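Raw query.cif, mmCIF, C-alpha atoms:
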```cif
data_data
#
loop_
_atom_site.label_atom_id
_atom_site.label_comp_id
_atom_site.auth_asym_id
_atom_site.auth_seq_id
_atom_site.Cartn_x
_atom_site.Cartn_y
_atom_site.Cartn_z
CA MET A 1 5.46 54.26 -14.12
CA ASN A 2 2.06 53.99 -15.80
CA ASP A 3 -0.61 52.93 -13.28
CA TYR A 4 -1.72 50.01 -15.44
CA LEU A 5 1.81 48.66 -15.84
CA LEU A 6 2.39 49.16 -12.13
CA SER A 7 -0.77 47.20 -11.36
CA ILE A 8 0.37 44.34 -13.59
CA LEU A 9 3.80 44.30 -11.91
CA LEU A 10 2.42 44.28 -8.37
CA GLY A 11 -0.23 41.70 -9.29
CA ILE A 12 2.46 39.38 -10.63
CA ILE A 13 4.61 39.85 -7.53
CA GLU A 14 1.64 39.10 -5.27
CA GLY A 15 0.60 36.02 -7.24
CA LEU A 16 4.12 34.63 -7.49
CA THR A 17 5.05 35.10 -3.84
CA GLU A 18 1.84 34.71 -1.79
CA PHE A 19 2.04 30.92 -1.46
CA LEU A 20 5.80 30.46 -1.77
CA PRO A 21 7.79 30.51 1.50
CA VAL A 22 9.50 33.78 0.59
CA SER A 23 7.09 36.42 2.02
CA SER A 24 4.78 38.25 -0.34
CA THR A 25 4.62 41.12 2.17
CA ALA A 26 8.36 41.74 1.94
CA HIS A 27 8.36 41.52 -1.86
CA LEU A 28 5.43 43.93 -2.22
CA ARG A 29 6.95 46.35 0.27
CA ILE A 30 10.30 46.32 -1.57
CA ALA A 31 8.55 46.80 -4.93
CA GLU A 32 6.48 49.68 -3.51
CA ALA A 33 9.63 51.34 -2.19
CA LEU A 34 11.44 50.95 -5.54
CA CYS A 35 8.41 52.30 -7.43
CA GLN A 36 8.08 55.14 -4.88
CA ILE A 37 4.47 54.35 -4.05
CA ASP A 38 3.05 56.51 -1.29
CA LEU A 39 2.05 54.01 1.40
CA ALA A 40 -0.10 56.66 3.07
CA ASN A 41 -2.29 56.78 -0.03
CA GLY A 42 -5.60 55.11 0.77
CA PHE A 43 -6.07 53.65 -2.69
CA TRP A 44 -2.78 51.78 -2.77
CA LYS A 45 -3.44 50.42 0.70
CA MET A 46 -6.75 49.04 -0.55
CA TYR A 47 -5.07 47.79 -3.75
CA SER A 48 -2.57 45.63 -1.83
CA ILE A 49 -5.47 44.04 0.05
CA VAL A 50 -7.63 43.41 -3.02
CA ILE A 51 -4.88 41.65 -4.96
CA GLN A 52 -4.43 39.33 -1.97
CA LEU A 53 -8.08 38.41 -2.37
CA GLY A 54 -7.32 37.52 -5.99
CA ALA A 55 -4.61 35.13 -4.81
CA ILE A 56 -6.98 33.55 -2.27
CA LEU A 57 -9.62 33.01 -4.96
CA ALA A 58 -7.01 31.26 -7.10
CA LEU A 59 -6.23 28.83 -4.29
CA THR A 60 -9.93 28.10 -3.76
CA ALA A 61 -10.40 27.54 -7.50
CA PHE A 62 -7.42 25.17 -7.63
CA PHE A 63 -8.59 23.02 -4.72
CA TRP A 64 -12.35 23.22 -5.27
CA ARG A 65 -12.70 19.44 -5.76
CA ARG A 66 -10.80 18.71 -2.53
CA ILE A 67 -12.85 21.31 -0.67
CA LEU A 68 -16.12 19.75 -1.88
CA LYS A 69 -14.81 16.30 -0.94
CA PHE A 70 -13.97 17.46 2.59
CA LEU A 71 -17.41 19.02 2.94
CA HIS A 72 -19.07 15.85 1.68
CA THR A 73 -17.14 13.58 4.08
CA PHE A 74 -17.48 15.82 7.13
CA PRO A 75 -17.30 14.83 9.97
CA ARG A 76 -16.55 11.10 9.57
CA GLY A 77 -13.84 11.43 6.93
CA GLU A 78 -13.20 9.58 3.70
CA ASN A 79 -12.46 6.30 5.48
CA ARG A 80 -15.05 6.79 8.24
CA ASP A 81 -12.25 6.98 10.81
CA ARG A 82 -12.54 10.64 11.79
CA ASN A 83 -14.79 12.70 14.04
CA PHE A 84 -15.84 16.30 14.49
CA LEU A 85 -12.57 17.21 16.21
CA ASP A 86 -10.04 15.60 13.88
CA HIS A 87 -11.62 15.89 10.44
CA PRO A 88 -9.32 17.89 8.08
CA LEU A 89 -11.78 20.80 7.99
CA SER A 90 -11.94 20.89 11.78
CA LEU A 91 -8.16 20.80 12.05
CA VAL A 92 -7.78 23.69 9.60
CA ALA A 93 -10.40 25.64 11.58
CA THR A 94 -8.61 24.85 14.84
CA ALA A 95 -5.25 26.05 13.51
CA PHE A 96 -6.93 29.22 12.24
CA VAL A 97 -8.52 29.98 15.63
CA VAL A 98 -5.18 29.46 17.39
CA THR A 99 -3.70 32.11 15.10
CA ALA A 100 -6.64 34.51 14.96
CA LEU A 101 -7.05 35.42 18.63
CA PRO A 102 -3.41 36.39 19.36
CA ALA A 103 -3.17 38.14 15.98
CA PHE A 104 -6.24 40.22 16.79
CA LEU A 105 -4.85 41.18 20.19
CA LEU A 106 -1.55 42.17 18.56
CA THR A 107 -3.17 44.20 15.75
CA LYS A 108 -1.35 47.43 16.64
CA LEU A 109 2.06 45.76 16.79
CA ILE A 110 1.42 43.96 13.49
CA GLY A 111 0.37 47.17 11.78
CA LYS A 112 3.45 48.96 13.09
CA ASN A 113 5.77 46.31 11.65
CA LEU A 114 4.13 45.97 8.24
CA GLU A 115 6.12 48.80 6.66
CA ASN A 116 9.40 48.19 8.50
CA LEU A 117 11.94 46.89 5.98
CA SER A 118 14.58 46.27 8.66
CA ILE A 119 12.32 43.80 10.46
CA MET A 120 11.51 42.15 7.13
CA ALA A 121 15.21 41.75 6.30
CA TRP A 122 15.91 40.03 9.61
CA ALA A 123 12.80 37.85 9.26
CA LEU A 124 13.84 36.82 5.74
CA LEU A 125 17.33 35.92 6.94
CA ILE A 126 16.39 34.03 10.11
CA GLY A 127 13.46 32.31 8.41
CA GLY A 128 15.63 31.25 5.48
CA ILE A 129 18.26 29.70 7.74
CA ALA A 130 15.61 27.92 9.81
CA MET A 131 13.77 26.61 6.75
CA GLY A 132 16.95 25.26 5.19
CA ILE A 133 17.98 23.43 8.36
CA ILE A 134 14.49 21.99 8.93
CA ASP A 135 14.13 20.78 5.33
CA VAL A 136 17.47 18.97 5.49
CA TRP A 137 17.08 17.61 9.03
CA PHE A 138 13.48 16.39 9.10
CA VAL A 139 13.58 13.89 6.24
CA ARG A 140 11.72 10.91 7.75
CA PRO A 141 8.07 11.99 7.97
CA ARG A 142 5.44 9.93 9.75
CA ILE A 143 2.52 11.69 8.07
CA ARG A 144 2.39 11.40 4.30
CA ARG A 145 -1.04 12.90 3.60
CA MET A 146 -2.76 16.00 4.90
CA GLU A 147 -5.75 13.83 5.85
CA GLU A 148 -3.56 12.10 8.47
CA THR A 149 -2.92 15.33 10.42
CA THR A 150 -3.75 15.18 14.13
CA LEU A 151 -5.20 17.77 16.51
CA PRO A 152 -1.91 18.46 18.37
CA ILE A 153 -0.17 19.08 15.03
CA ALA A 154 -2.90 21.49 13.93
CA LEU A 155 -2.56 23.39 17.21
CA TRP A 156 1.22 23.55 16.76
CA ILE A 157 0.97 24.82 13.16
CA GLY A 158 -1.57 27.45 14.15
CA ALA A 159 0.73 28.68 16.91
CA ALA A 160 3.67 28.81 14.50
CA GLN A 161 1.65 30.91 12.05
CA ILE A 162 1.49 33.72 14.62
CA LEU A 163 5.17 34.44 13.89
CA SER A 164 4.38 35.46 10.33
CA ALA A 165 1.70 37.88 11.53
CA VAL A 166 3.88 39.60 14.13
CA PHE A 167 7.09 39.63 12.06
CA PRO A 168 6.36 40.43 8.38
CA GLY A 169 8.95 38.84 6.15
CA THR A 170 8.79 35.57 8.07
CA SER A 171 6.22 34.25 5.54
CA ARG A 172 3.01 32.56 6.55
CA SER A 173 3.85 29.67 4.22
CA MET A 174 7.33 29.23 5.63
CA SER A 175 6.21 29.18 9.25
CA THR A 176 3.37 26.69 8.70
CA ILE A 177 5.32 24.40 6.37
CA ALA A 178 8.34 24.31 8.68
CA ALA A 179 6.11 23.67 11.69
CA GLY A 180 4.47 20.78 9.85
CA GLN A 181 7.81 19.23 8.96
CA ILE A 182 9.03 19.50 12.54
CA ALA A 183 5.83 17.71 13.63
CA GLY A 184 6.56 14.80 11.31
CA MET A 185 4.63 15.74 8.17
CA SER A 186 6.01 15.14 4.71
CA ARG A 187 6.83 18.16 2.56
CA GLU A 188 3.72 17.66 0.45
CA ALA A 189 1.40 17.13 3.43
CA ALA A 190 2.79 20.19 5.23
CA LEU A 191 2.43 22.26 2.06
CA GLU A 192 -1.16 21.18 1.48
CA PHE A 193 -2.13 21.92 5.08
CA SER A 194 -0.48 25.32 4.70
CA PHE A 195 -2.50 25.97 1.54
CA PHE A 196 -5.81 25.06 3.16
CA LEU A 197 -5.02 27.03 6.31
CA SER A 198 -4.27 30.10 4.22
CA ILE A 199 -7.85 30.23 2.90
CA PRO A 200 -9.62 31.18 6.16
CA THR A 201 -6.58 33.03 7.48
CA MET A 202 -6.20 35.29 4.47
CA CYS A 203 -9.95 35.73 3.93
CA VAL A 204 -10.49 37.00 7.46
CA ALA A 205 -7.26 39.05 7.59
CA THR A 206 -7.76 40.75 4.23
CA GLY A 207 -11.47 41.22 4.87
CA TYR A 208 -10.75 42.94 8.18
CA ASP A 209 -7.99 45.07 6.64
CA LEU A 210 -10.25 46.07 3.76
CA TRP A 211 -13.06 47.04 6.13
CA GLN A 212 -10.63 49.10 8.21
CA THR A 213 -9.24 50.79 5.11
CA ILE A 214 -12.53 51.89 3.58
CA GLN A 215 -13.95 53.28 6.81
CA PRO A 216 -13.80 57.08 6.91
CA HIS A 217 -11.25 58.12 9.53
CA PRO A 218 -10.11 61.62 10.42
CA ALA A 219 -6.44 60.63 10.34
CA THR A 220 -6.47 58.83 7.00
CA GLU A 221 -7.73 59.27 3.47
CA SER A 222 -11.12 57.70 2.92
CA ILE A 223 -11.37 55.47 -0.15
CA ALA A 224 -15.04 54.51 0.03
CA PRO A 225 -16.45 53.41 -3.38
CA PHE A 226 -17.99 56.79 -4.11
CA ALA A 227 -14.47 58.29 -4.15
CA MET A 228 -13.25 55.82 -6.78
CA THR A 229 -12.87 56.83 -10.42
CA PRO A 230 -13.22 54.50 -13.45
CA HIS A 231 -9.45 54.70 -13.86
CA LEU A 232 -8.83 53.49 -10.30
CA TRP A 233 -11.42 50.71 -10.62
CA LEU A 234 -9.61 49.47 -13.75
CA VAL A 235 -6.24 49.57 -12.00
CA LEU A 236 -7.76 47.55 -9.17
CA LEU A 237 -9.35 45.03 -11.53
CA ILE A 238 -6.11 44.50 -13.45
CA GLY A 239 -4.18 43.78 -10.26
CA PHE A 240 -6.86 41.39 -9.01
CA VAL A 241 -6.97 39.38 -12.26
CA VAL A 242 -3.19 39.27 -12.68
CA ALA A 243 -2.75 38.11 -9.06
CA PHE A 244 -5.38 35.39 -9.58
CA ILE A 245 -3.76 34.03 -12.76
CA SER A 246 -0.19 34.10 -11.48
CA ALA A 247 -1.15 32.60 -8.08
CA TYR A 248 -3.07 29.74 -9.74
CA ALA A 249 -0.03 28.91 -11.88
CA VAL A 250 2.32 29.05 -8.89
CA VAL A 251 0.22 26.70 -6.75
CA ALA A 252 0.18 24.06 -9.50
CA TRP A 253 3.91 24.41 -10.10
CA PHE A 254 4.87 24.53 -6.43
CA LEU A 255 3.16 21.23 -5.57
CA HIS A 256 5.09 19.51 -8.36
CA TRP A 257 8.37 21.18 -7.41
CA VAL A 258 8.21 20.24 -3.72
CA ARG A 259 7.78 16.55 -4.49
CA ARG A 260 11.12 16.57 -6.31
CA HIS A 261 13.29 19.32 -4.87
CA GLY A 262 12.15 20.42 -1.41
CA PHE A 263 12.47 23.89 0.11
CA VAL A 264 16.23 24.49 0.33
CA PRO A 265 16.38 26.60 -2.88
CA PHE A 266 13.80 28.94 -1.36
CA ALA A 267 15.82 29.12 1.84
CA VAL A 268 18.89 30.18 -0.16
CA TYR A 269 16.83 32.74 -2.05
CA ARG A 270 15.54 34.24 1.22
CA ILE A 271 19.06 34.58 2.59
CA LEU A 272 20.31 36.26 -0.59
CA LEU A 273 17.32 38.61 -0.67
CA ALA A 274 17.89 39.52 2.98
CA GLY A 275 21.52 40.31 2.21
CA ALA A 276 20.53 42.55 -0.71
CA LEU A 277 17.92 44.27 1.45
CA PHE A 278 20.42 44.94 4.24
CA VAL A 279 22.80 46.52 1.69
CA ALA A 280 20.03 48.64 0.18
CA LEU A 281 18.94 49.85 3.62
CA ALA A 282 22.51 50.65 4.63
CA ARG A 283 22.92 52.78 1.50
CA GLY A 284 19.60 54.52 2.04
CA LEU A 285 18.12 53.24 -1.21
CA LEU A 286 14.80 52.11 0.28
CA GLY A 287 14.32 54.26 3.35
CA ARG A 288 13.75 52.44 6.66
#
```

Could you express the structure from this file as structure tokens?
Amino acid sequence: MNDYLLSILLGIIEGLTEFLPVSSTAHLRIAEALCQIDLANGFWKMYSIVIQLGAILALTAFFWRRILKFLHTFPRGENRDRNFLDHPLSLVATAFVVTALPAFLLTKLIGKNLENLSIMAWALLIGGIAMGIIDVWFVRPRIRRMEETTLPIALWIGAAQILSAVFPGTSRSMSTIAAGQIAGMSREAALEFSFFLSIPTMCVATGYDLWQTIQPHPATESIAPFAMTPHLWLVLLIGFVVAFISAYAVVAWFLHWVRRHGFVPFAVYRILLAGALFVALARGLLGR
């Protein structure tokens, strides 16, 4: 496939799936296997990281007014009933820290699992079943707005997010949304907290991965900027822009959808995708 068309395809997949509870990692890995992309190629490793940054930028652009409002009301809150520990920004930061330390310590395990389609298939299946049950069972939320989140809930959501780091295919969105619902948050409140938590989580994770990727290493191909060609820069730019546009559209649509329909359709989709992936792996169509 033409590199430019491939970049558009992967950018769309990243943008469409990054903030939905269906695992962008699994979708990109499946697409890369179908398109026979060499995962040992340094450029395509960097590409997958850069398009994630495009999706993060889209989320920041969508919520920029809320972000400025939180900054303006820190630490007392909009109604002057918060403090440094339980302001929404502090709670997001707390949940991030709870995730970051274990994830850093488990870096080698996480890296080992990132290309394992069998693990992703199981994570899609188990996560889909769990998400469907949780969305149907926890229907009487105590917390209707993200601003009402408490410190214990933030700690719990941060801990749940570790699952998505260790087991790719679980979905960062799925784990944090489901954790929020279990803790008594409404679908919309859990989704918004998940969105805001993804900003520092993905910025740090993708930034670290990008730094690791561009560092010259004797065992890997170096892709420092001086090794890039105009063609590769254009491929990278196309993917970044396409991921930004598609992610921005998905965030706006997803918020509206959740208010009316919930997460069960995504749970069903995950289960069906897991089934298809198991079949493809059994027939040797996608490798491991």

I would like the residues chosen by the PyMOL selection byres ((chain A and resi 206) around 8) on the shown file; could you give them as a CSV table (one decimal) with C-alpha atoms, keeping the file's coordinate frame?
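The result, written out as selection20.csv:
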```csv
chain,number,residue,atom,x,y,z
A,49,ILE,CA,-5.5,44.0,0.0
A,50,VAL,CA,-7.6,43.4,-3.0
A,52,GLN,CA,-4.4,39.3,-2.0
A,53,LEU,CA,-8.1,38.4,-2.4
A,202,MET,CA,-6.2,35.3,4.5
A,203,CYS,CA,-10.0,35.7,3.9
A,204,VAL,CA,-10.5,37.0,7.5
A,205,ALA,CA,-7.3,39.0,7.6
A,207,GLY,CA,-11.5,41.2,4.9
A,208,TYR,CA,-10.8,42.9,8.2
A,209,ASP,CA,-8.0,45.1,6.6
A,210,LEU,CA,-10.2,46.1,3.8
```

Pick out the closest residue to Glu14 (chain A) from this set: A:Ala178, A:Ala58, A:Leu34, A:Leu197. Count only C-alpha atoms.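 Closest to Glu14 (chain A), using only C-alpha atoms: A:Ala58.
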
Between A:Leu105, A:Leu117, A:Met131, A:Ile214, single out the one closest to Thr176 (chain A), counting all atoms listed in the file.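 Residue with the minimum atom-to-atom distance to Thr176 (chain A): A:Met131.
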
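Remark: for Glu32 (chain A), the closest of the candidate residues A:Thr213, A:Leu286, A:Gly127, A:Ala280 is A:Leu286 (distances computed over all atoms listed in the file).
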
Among listed residues A:Phe240, A:Phe63, A:Phe84, A:Phe74, nearest Ile8 (chain A) (using only C-alpha atoms): A:Phe240

In Å to one decimal, how far is CA of Phe43 (chain A) from CA of Ser118 (chain A)?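 CA of Ser118 (chain A) sits 24.7 Å away from CA of Phe43 (chain A).
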
Closest-contact table, region 161-183 of chain A side, partner region 248-267 of chain A, 12 Å, counting only C-alpha atoms, as CSV:
```
residue,atom,partner,partner_atom,distance
A:Thr170,CA,A:Ala267,CA,11.4
A:Ser171,CA,A:Ala267,CA,11.5
A:Ser173,CA,A:Phe263,CA,11.2
A:Met174,CA,A:Phe263,CA,9.2
A:Ile177,CA,A:Phe263,CA,9.5
A:Ala178,CA,A:Phe263,CA,9.5
A:Gln181,CA,A:Phe263,CA,11.0
```

If you apply the PyMOL selection byres ((chain A and resi 67) around 12) to this file, what residues do you get, as a PDB file with C-alpha atoms, in the frame of the given file?
```
ATOM      1  CA  LEU A  59      -6.230  28.830  -4.290  1.00  0.00           C
ATOM      2  CA  THR A  60      -9.930  28.100  -3.760  1.00  0.00           C
ATOM      3  CA  ALA A  61     -10.400  27.540  -7.500  1.00  0.00           C
ATOM      4  CA  PHE A  62      -7.420  25.170  -7.630  1.00  0.00           C
ATOM      5  CA  PHE A  63      -8.590  23.020  -4.720  1.00  0.00           C
ATOM      6  CA  TRP A  64     -12.350  23.220  -5.270  1.00  0.00           C
ATOM      7  CA  ARG A  65     -12.700  19.440  -5.760  1.00  0.00           C
ATOM      8  CA  ARG A  66     -10.800  18.710  -2.530  1.00  0.00           C
ATOM      9  CA  LEU A  68     -16.120  19.750  -1.880  1.00  0.00           C
ATOM     10  CA  LYS A  69     -14.810  16.300  -0.940  1.00  0.00           C
ATOM     11  CA  PHE A  70     -13.970  17.460   2.590  1.00  0.00           C
ATOM     12  CA  LEU A  71     -17.410  19.020   2.940  1.00  0.00           C
ATOM     13  CA  HIS A  72     -19.070  15.850   1.680  1.00  0.00           C
ATOM     14  CA  THR A  73     -17.140  13.580   4.080  1.00  0.00           C
ATOM     15  CA  PHE A  74     -17.480  15.820   7.130  1.00  0.00           C
ATOM     16  CA  PRO A  88      -9.320  17.890   8.080  1.00  0.00           C
ATOM     17  CA  LEU A  89     -11.780  20.800   7.990  1.00  0.00           C
ATOM     18  CA  VAL A  92      -7.780  23.690   9.600  1.00  0.00           C
ATOM     19  CA  GLU A 192      -1.160  21.180   1.480  1.00  0.00           C
ATOM     20  CA  PHE A 195      -2.500  25.970   1.540  1.00  0.00           C
ATOM     21  CA  PHE A 196      -5.810  25.060   3.160  1.00  0.00           C
ATOM     22  CA  LEU A 197      -5.020  27.030   6.310  1.00  0.00           C
ATOM     23  CA  ILE A 199      -7.850  30.230   2.900  1.00  0.00           C
TER      24      ILE A 199
END
```

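Counting from CA of Glu115 (chain A), the distance to CA of Ala154 (chain A) is 29.7 Å.
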
Give me, please, the distance in Å between CA of Pro141 (chain A) and CA of Met185 (chain A), quoted to one decimal.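 Spanning CA of Pro141 (chain A) to CA of Met185 (chain A) is a straight-line distance of 5.1 Å.
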
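In this comparison, which uses only C-alpha atoms, the residue of A:Leu16, A:Met46, A:Ala33, A:Leu163 approaching Ala123 (chain A) most closely is A:Leu163.
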
Hey, which of A:Pro152, A:Gly42, A:Gly239, A:Pro75 ends up closest to Gly54 (chain A)? Count all atoms listed in the file.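 Closest to Gly54 (chain A) of all the choices is A:Gly239.
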
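With all atoms listed in the file taken into account, the protein and nucleic acid residues at most 7 Å from Met146 (chain A) (excluding it and anything under 4 positions from it in its own chain) are Ala189, Ala190, Glu192 and Phe193 of chain A.
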
Could you list, as a tab-separated table (two decimals) with C-alpha atoms, in the coordinates of the input, every residue within 8 Å of Ile238 (chain A), counting only C-alpha atoms and ignoring same-chain residues fewer than 5 positions away?
```tsv
chain	number	residue	atom	x	y	z
A	4	TYR	CA	-1.72	50.01	-15.44
A	7	SER	CA	-0.77	47.20	-11.36
A	8	ILE	CA	0.37	44.34	-13.59
A	11	GLY	CA	-0.23	41.70	-9.29
```

List, as a PyMOL selection string, every residue that the PyMOL selection byres ((chain A and resi 166) around 12) selects in the file provided. chain A and resi 99-100+102-114+116+119-120+123+159-165+167-172+175

Given the point (-13.2, 17.2, 15.7) in the coordinates of this file, which residues lie within 10 Å, counting only C-alpha atoms, and how would they look as a PyMOL selection string? chain A and resi 74-76+82-91+93-94+150-151
